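Structure file upload-v5.csv with CSV, C-alpha atoms and all ligand atoms:
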```csv
chain,number,residue,atom,x,y,z
A,30,MET,CA,-7.6,77.3,-135.9
A,31,ILE,CA,-8.6,73.6,-135.5
A,32,THR,CA,-6.4,70.9,-137.0
A,33,ALA,CA,-7.8,67.4,-137.1
A,34,CYS,CA,-5.5,64.4,-137.5
A,35,TRP,CA,-6.9,61.1,-138.6
A,36,SER,CA,-5.9,57.8,-140.3
A,37,LEU,CA,-7.4,55.0,-142.3
A,38,LYS,CA,-5.5,52.3,-140.5
A,39,GLY,CA,-4.5,51.7,-136.8
A,40,GLY,CA,-0.9,52.3,-135.8
A,41,SER,CA,-0.2,54.9,-138.5
A,42,GLY,CA,1.3,57.5,-136.1
A,43,THR,CA,-1.8,59.8,-135.7
A,44,THR,CA,-1.4,60.2,-132.0
A,45,VAL,CA,2.3,60.9,-132.1
A,46,VAL,CA,1.8,63.4,-135.0
A,47,SER,CA,-1.1,65.2,-133.1
A,48,ALA,CA,1.1,65.5,-130.0
A,49,GLY,CA,4.1,66.7,-132.1
A,50,LEU,CA,2.1,69.3,-133.9
A,51,ALA,CA,0.7,70.8,-130.7
A,52,LEU,CA,4.1,70.7,-128.9
A,53,SER,CA,5.9,72.1,-131.8
A,54,HIS,CA,3.4,74.9,-132.3
A,55,GLN,CA,3.5,75.9,-128.7
A,56,ARG,CA,7.3,75.9,-128.5
A,57,ARG,CA,7.8,77.7,-131.8
A,58,PHE,CA,5.3,80.5,-131.2
A,59,GLY,CA,5.0,80.5,-127.4
A,60,GLU,CA,1.2,80.5,-127.9
A,61,ARG,CA,-1.2,78.5,-125.8
A,62,ALA,CA,-2.3,75.3,-127.6
A,63,LEU,CA,-4.9,72.7,-126.8
A,64,LEU,CA,-4.9,69.0,-127.6
A,65,VAL,CA,-8.2,67.2,-127.9
A,66,ASP,CA,-8.2,63.4,-127.6
A,67,LEU,CA,-11.1,61.6,-129.4
A,68,ALA,CA,-9.1,58.3,-129.7
A,69,GLY,CA,-7.9,57.6,-126.2
A,70,ASP,CA,-4.1,57.3,-126.3
A,71,LEU,CA,-2.9,60.9,-126.0
A,72,PRO,CA,-2.4,60.9,-122.2
A,73,LEU,CA,-0.2,57.8,-122.5
A,74,VAL,CA,1.8,59.2,-125.4
A,75,LEU,CA,2.3,62.4,-123.4
A,76,GLY,CA,3.4,60.5,-120.3
A,77,MET,CA,0.5,61.6,-118.2
A,78,PRO,CA,-1.3,59.4,-115.7
A,79,GLU,CA,-4.5,57.7,-117.0
A,80,PRO,CA,-7.2,60.4,-116.6
A,81,SER,CA,-10.1,59.9,-114.3
A,82,GLY,CA,-13.3,61.9,-114.3
A,83,PRO,CA,-15.3,63.4,-117.1
A,84,GLY,CA,-13.8,64.1,-120.5
A,85,VAL,CA,-15.1,65.2,-123.9
A,86,THR,CA,-17.6,62.3,-124.2
A,87,GLU,CA,-19.2,63.1,-120.9
A,88,TRP,CA,-19.3,66.8,-121.8
A,89,LEU,CA,-21.0,65.9,-125.2
A,90,ALA,CA,-23.5,63.8,-123.3
A,91,ALA,CA,-24.4,66.7,-121.0
A,92,GLY,CA,-25.3,68.8,-124.1
A,93,SER,CA,-26.5,72.3,-123.7
A,94,SER,CA,-27.3,71.6,-120.0
A,95,ALA,CA,-23.5,72.0,-119.2
A,96,PRO,CA,-22.4,75.5,-118.1
A,97,PRO,CA,-20.6,77.5,-120.7
A,98,ASP,CA,-17.1,77.1,-119.1
A,99,ALA,CA,-17.6,73.3,-118.4
A,100,LEU,CA,-15.4,72.1,-121.2
A,101,ALA,CA,-12.5,74.5,-120.3
A,102,ARG,CA,-12.7,73.2,-116.7
A,103,LEU,CA,-11.9,69.7,-118.0
A,104,GLU,CA,-8.6,70.7,-119.5
A,105,GLN,CA,-5.5,69.2,-117.9
A,106,ARG,CA,-2.0,70.7,-118.0
A,107,VAL,CA,0.5,68.9,-120.2
A,108,GLY,CA,3.3,71.5,-119.9
A,109,PRO,CA,3.9,75.2,-120.3
A,110,GLY,CA,1.2,76.6,-122.6
A,111,LEU,CA,-0.2,73.2,-123.5
A,112,THR,CA,-3.4,71.5,-122.2
A,113,LEU,CA,-5.3,68.3,-122.9
A,114,LEU,CA,-8.9,67.5,-123.1
A,115,HIS,CA,-9.1,63.7,-122.5
A,116,ARG,CA,-11.6,61.5,-124.3
A,117,GLY,CA,-13.5,60.2,-121.3
A,118,GLU,CA,-15.3,56.8,-121.2
A,119,GLY,CA,-18.5,57.6,-123.2
A,120,ASP,CA,-19.7,56.8,-126.8
A,121,LEU,CA,-18.8,59.0,-129.7
A,122,SER,CA,-21.0,57.3,-132.4
A,123,ALA,CA,-24.3,59.1,-131.7
A,124,ALA,CA,-23.4,62.6,-130.7
A,125,SER,CA,-23.0,65.7,-132.9
A,126,ALA,CA,-19.7,67.6,-132.9
A,127,ASP,CA,-21.5,71.0,-133.7
A,128,LEU,CA,-21.2,72.4,-130.1
A,129,LEU,CA,-17.7,71.0,-129.6
A,130,LEU,CA,-16.5,72.7,-132.8
A,131,GLN,CA,-18.2,75.9,-131.8
A,132,VAL,CA,-16.6,76.0,-128.4
A,133,LEU,CA,-13.1,75.0,-129.7
A,134,THR,CA,-13.3,77.7,-132.4
A,135,ALA,CA,-14.4,80.3,-129.9
A,136,SER,CA,-11.4,79.5,-127.6
A,137,GLY,CA,-9.3,81.3,-130.2
A,138,ARG,CA,-6.4,78.9,-129.6
A,139,THR,CA,-4.5,76.5,-131.7
A,140,VAL,CA,-6.3,73.3,-131.3
A,141,VAL,CA,-5.1,69.8,-132.5
A,142,VAL,CA,-7.6,67.0,-132.4
A,143,ASP,CA,-6.6,63.3,-132.5
A,144,CYS,CA,-9.6,61.8,-134.3
A,145,GLY,CA,-8.1,58.3,-134.6
A,146,VAL,CA,-9.1,55.9,-137.3
A,147,VAL,CA,-11.9,57.2,-139.6
A,148,VAL,CA,-13.1,54.8,-142.2
A,149,PRO,CA,-16.1,54.7,-144.5
A,150,GLY,CA,-19.1,52.6,-143.4
A,151,TRP,CA,-18.8,53.4,-139.8
A,152,SER,CA,-21.7,55.3,-138.3
A,153,VAL,CA,-21.2,59.1,-138.4
A,154,SER,CA,-19.2,59.9,-135.3
A,155,VAL,CA,-17.9,63.0,-133.6
A,156,ALA,CA,-14.4,62.1,-134.8
A,157,ARG,CA,-15.5,61.9,-138.4
A,158,GLN,CA,-17.4,65.1,-138.2
A,159,VAL,CA,-14.5,66.9,-136.6
A,160,ALA,CA,-12.2,65.5,-139.3
A,161,ALA,CA,-14.5,66.7,-142.0
A,162,GLU,CA,-15.2,70.2,-140.6
A,163,ALA,CA,-11.9,71.2,-139.0
A,164,ASN,CA,-10.0,74.1,-140.6
A,165,ARG,CA,-7.3,71.6,-141.5
A,166,SER,CA,-8.0,67.9,-142.0
A,167,LEU,CA,-4.8,65.9,-142.1
A,168,LEU,CA,-4.7,62.3,-143.1
A,169,VAL,CA,-1.8,60.6,-141.4
A,170,THR,CA,-0.5,57.5,-143.2
A,171,ARG,CA,2.5,55.3,-143.6
A,172,PRO,CA,3.5,54.9,-147.2
A,173,CYS,CA,2.1,51.4,-147.3
A,174,TYR,CA,-0.2,49.8,-149.8
A,175,LEU,CA,-2.4,48.3,-147.2
A,176,ALA,CA,-3.2,51.7,-145.8
A,177,LEU,CA,-3.4,53.5,-149.1
A,178,ARG,CA,-5.8,51.0,-150.7
A,179,ARG,CA,-8.3,52.2,-148.1
A,180,ALA,CA,-8.0,55.6,-149.6
A,181,ASP,CA,-9.8,54.3,-152.7
A,182,VAL,CA,-13.0,55.0,-150.8
A,183,LEU,CA,-12.2,58.0,-148.6
A,184,PRO,CA,-14.7,58.8,-145.9
A,185,ILE,CA,-13.9,62.5,-146.2
A,186,THR,CA,-11.5,64.6,-148.3
A,187,PRO,CA,-8.4,65.6,-146.3
A,188,SER,CA,-6.8,69.0,-146.9
A,189,GLY,CA,-3.4,67.4,-146.6
A,190,VAL,CA,-1.5,64.2,-146.0
A,191,VAL,CA,1.1,63.6,-143.4
A,192,VAL,CA,3.4,60.7,-144.4
A,193,VAL,CA,5.1,58.9,-141.5
A,194,ARG,CA,8.0,57.8,-143.6
A,195,GLU,CA,9.6,54.4,-143.2
A,196,SER,CA,13.0,54.4,-145.0
A,197,TRP,CA,12.6,50.8,-146.2
A,198,ARG,CA,9.4,51.4,-148.2
A,199,HIS,CA,9.3,52.3,-151.8
A,200,LEU,CA,6.1,54.4,-152.2
A,201,THR,CA,7.1,58.0,-152.7
A,202,ASP,CA,5.3,61.1,-151.4
A,203,ARG,CA,4.2,61.8,-154.9
A,204,ALA,CA,2.6,58.4,-155.3
A,205,VAL,CA,0.8,58.9,-151.9
A,206,ALA,CA,-0.5,62.3,-152.9
A,207,GLU,CA,-1.8,61.0,-156.2
A,208,HIS,CA,-3.5,58.1,-154.6
A,209,VAL,CA,-5.2,60.2,-151.9
A,210,ASN,CA,-5.7,63.1,-154.2
A,211,ALA,CA,-4.4,65.6,-151.7
A,212,PRO,CA,-1.0,67.2,-151.2
A,213,VAL,CA,1.6,65.8,-148.9
A,214,VAL,CA,2.1,68.7,-146.5
A,215,LEU,CA,4.4,67.0,-144.0
A,216,THR,CA,6.8,64.1,-144.0
A,217,VAL,CA,7.8,62.7,-140.6
A,218,ASP,CA,10.6,60.2,-140.4
A,219,VAL,CA,10.1,57.1,-138.3
A,220,ASP,CA,12.8,57.9,-135.7
A,221,PRO,CA,14.0,55.5,-133.0
A,222,ALA,CA,14.4,58.5,-130.6
A,223,VAL,CA,10.7,59.3,-131.0
A,224,ALA,CA,9.7,55.7,-130.4
A,225,ARG,CA,11.9,55.6,-127.2
A,226,ALA,CA,10.5,58.9,-125.9
A,227,VAL,CA,6.9,57.7,-126.4
A,228,ASP,CA,7.6,54.3,-124.8
A,229,SER,CA,9.2,55.9,-121.8
A,230,GLY,CA,6.5,58.6,-121.4
A,231,LEU,CA,9.1,61.3,-122.0
A,232,LEU,CA,7.8,62.8,-125.3
A,233,VAL,CA,7.0,66.2,-123.6
A,234,SER,CA,10.2,66.5,-121.6
A,235,ARG,CA,12.6,65.0,-124.1
A,236,LEU,CA,11.0,65.8,-127.4
A,237,PRO,CA,13.7,65.1,-130.0
A,238,ARG,CA,14.8,68.3,-131.6
A,239,ARG,CA,14.7,67.0,-135.2
A,240,PHE,CA,11.1,65.8,-134.7
A,241,VAL,CA,10.1,69.4,-133.6
A,242,ASP,CA,12.0,71.0,-136.4
A,243,GLY,CA,10.5,68.5,-138.9
A,244,MET,CA,7.0,69.7,-137.9
A,245,ARG,CA,7.7,73.3,-138.9
A,246,ALA,CA,6.0,73.1,-142.3
A,247,VAL,CA,2.7,72.5,-140.6
A,248,ALA,CA,2.9,73.4,-136.9
B,301,LIG,N1,7.8,59.4,-136.0
B,301,LIG,C1,7.8,58.2,-135.3
B,301,LIG,N2,9.0,57.6,-135.1
B,301,LIG,C2,9.1,56.5,-134.4
B,301,LIG,N3,8.0,55.8,-133.9
B,301,LIG,C3,6.8,56.3,-134.1
B,301,LIG,C4,6.6,57.6,-134.8
B,301,LIG,N4,5.3,57.8,-134.9
B,301,LIG,C5,4.7,56.8,-134.3
B,301,LIG,N5,5.6,55.9,-133.8
B,301,LIG,C6,5.3,54.7,-133.1
B,301,LIG,O1,4.4,53.9,-133.8
B,301,LIG,C7,3.4,53.4,-133.0
B,301,LIG,C8,2.0,53.9,-133.4
B,301,LIG,O2,2.0,55.3,-133.2
B,301,LIG,P1,0.6,56.0,-132.8
B,301,LIG,O3,0.1,55.4,-131.5
B,301,LIG,O4,0.8,57.5,-132.9
B,301,LIG,O5,-0.3,55.5,-134.0
B,301,LIG,P2,-1.9,55.8,-134.1
B,301,LIG,O6,-2.2,56.0,-135.6
B,301,LIG,O7,-2.3,56.8,-133.2
B,301,LIG,O8,-2.4,54.3,-133.7
B,301,LIG,P3,-3.9,53.9,-133.2
B,301,LIG,O9,-4.7,53.7,-134.5
B,301,LIG,O10,-3.7,52.7,-132.4
B,301,LIG,O11,-4.5,55.0,-132.4
B,301,LIG,C9,3.7,53.7,-131.6
B,301,LIG,O12,4.5,52.7,-131.0
B,301,LIG,C10,4.6,55.0,-131.7
B,301,LIG,O13,5.6,55.1,-130.7
B,302,MG,MG,-3.8,56.8,-131.7
```
Please rewrite the model in this file as structure tokens.
Amino acid sequence: MITACWSLKGGSGTTVVSAGLALSHQRRFGERALLVDLAGDLPLVLGMPEPSGPGVTEWLAAGSSAPPDALARLEQRVGPGLTLLHRGEGDLSAASADLLLQVLTASGRTVVVDCGVVVPGWSVSVARQVAAEANRSLLVTRPCYLALRRADVLPITPSGVVVVRESWRHLTDRAVAEHVNAPVVLTVDVDPAVARAVDSGLLVSRLPRRFVDGMRAVA
């Protein structure tokens, strides 16, 4: 099962939601999970050292010349039962995601992909293709007009919306769902404990309980 998380605007919370979904799923079901980073911030958000060496982009560039287990060998351990495929330094705009989606599906694991910002008009990229073809495509957004007006011209249709709720805003989940034309499947509160855990690189070891519990609807 591949879940893709993407946004229409930077800073929406996509990377934190991606990490939270994978961590919550792994802790709840005790199954192995894989995080795939197409946006670049997951190692930092997970408190890992900046990765060196090849990542997804280098694997994509190698194409079918790479041995069948090459992608699995690039996975790095995040914690018990959770691994990360880091983005690498290459370009995502020209490659096709077909092989990546095939290999990730064949792994039989729960996979969460951080696709970053996906907006119309950009050249078709691996991130956009993954966001369009994943089993679940989750648009992560703040309930904010500046983000939602970009939903007027959606690059792809999400299967669900994750609202990163800021208590001081007035837009309701219902208004967001109507605007995007997709159901709100999860609401995550902006929580100072989450921000502190991210800033100090402790999201994995000190994942706030209410954040994990809040993810249950989707993780
Ligand atoms: N649930 C939350 N509670 C508190 N702070 C949050 C939460 N989710 C995200 N943040 C904070 O908001 C900021 C943006 O989050 P994040 O990096 O996940 O967004 P993003 O959509 O991935 O951004 P980018 O477009 O730059 O990749 C970060 O400082 C993060 O710590
Ligand atoms: Mg991000």
Q) Counting all atoms listed in the file, which protein, DNA or RNA residues come within 8 Å of ligand LIG 301 (chain B), given as a VMD selection string? A) chain A and resid 35 to 36 38 to 47 68 to 70 74 143 145 to 146 169 to 170 193 to 194 217 to 228 240
Across A:Arg106, A:Arg57, A:Arg116, A:Arg178, the smallest distance to ligand MG 302 (chain B), with all atoms listed in the file counted, is shown by A:Arg116
Need to verify the contact set: A:Tyr174, 12 Å, all atoms listed in the file, exclusion of same-chain residues closer than 5 positions in sequence. Can you return it as a ChimeraX atom specification? /A:37-38,179-181,198-201,204-205,208-209
Which one is closest to A:Ser53: A:Ser196, A:Thr134, A:Thr139, A:Thr86? Count only C-alpha atoms.
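Once distances to A:Ser53 are computed over only C-alpha atoms, the minimum belongs to A:Thr139.
If you measure from each of A:Leu231, A:Leu73, A:Val140, A:Ala206 to A:Gln55 using all atoms listed in the file, the closest one turns out to be A:Val140.
The residue that comes closest to A:Gly117, out of A:Pro97, A:Pro80, A:Pro149, A:Gly92 and on the basis of only C-alpha atoms, is A:Pro80.
Atom CA of A:Ala33 sits 21.3 Å away from atom CA of A:Gly76.
Atom pair atom CA of A:Leu71 / atom CA of A:Leu113: separated by 8.4 Å.
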As a list in words, please: the residues near A:Arg165 (cut-off 7 Å, only C-alpha atoms, same-chain neighbours under 2 positions excluded). Ile31, Thr32, Ala33, Ala163, Leu167 and Ser188 of chain A
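For the residues A:Arg239, A:Ser166, A:Gly110, A:Pro96, ranking by smallest atom-to-atom distance to A:Arg56 using all atoms listed in the file places A:Gly110 first.
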Using all atoms listed in the file, the best pick from A:Leu129, A:Leu183, A:Leu100, A:Val190 as closest to A:Gly150 would be A:Leu183
Between atom CA of A:Val148 and atom CA of A:Arg203 lies a distance of 22.6 Å
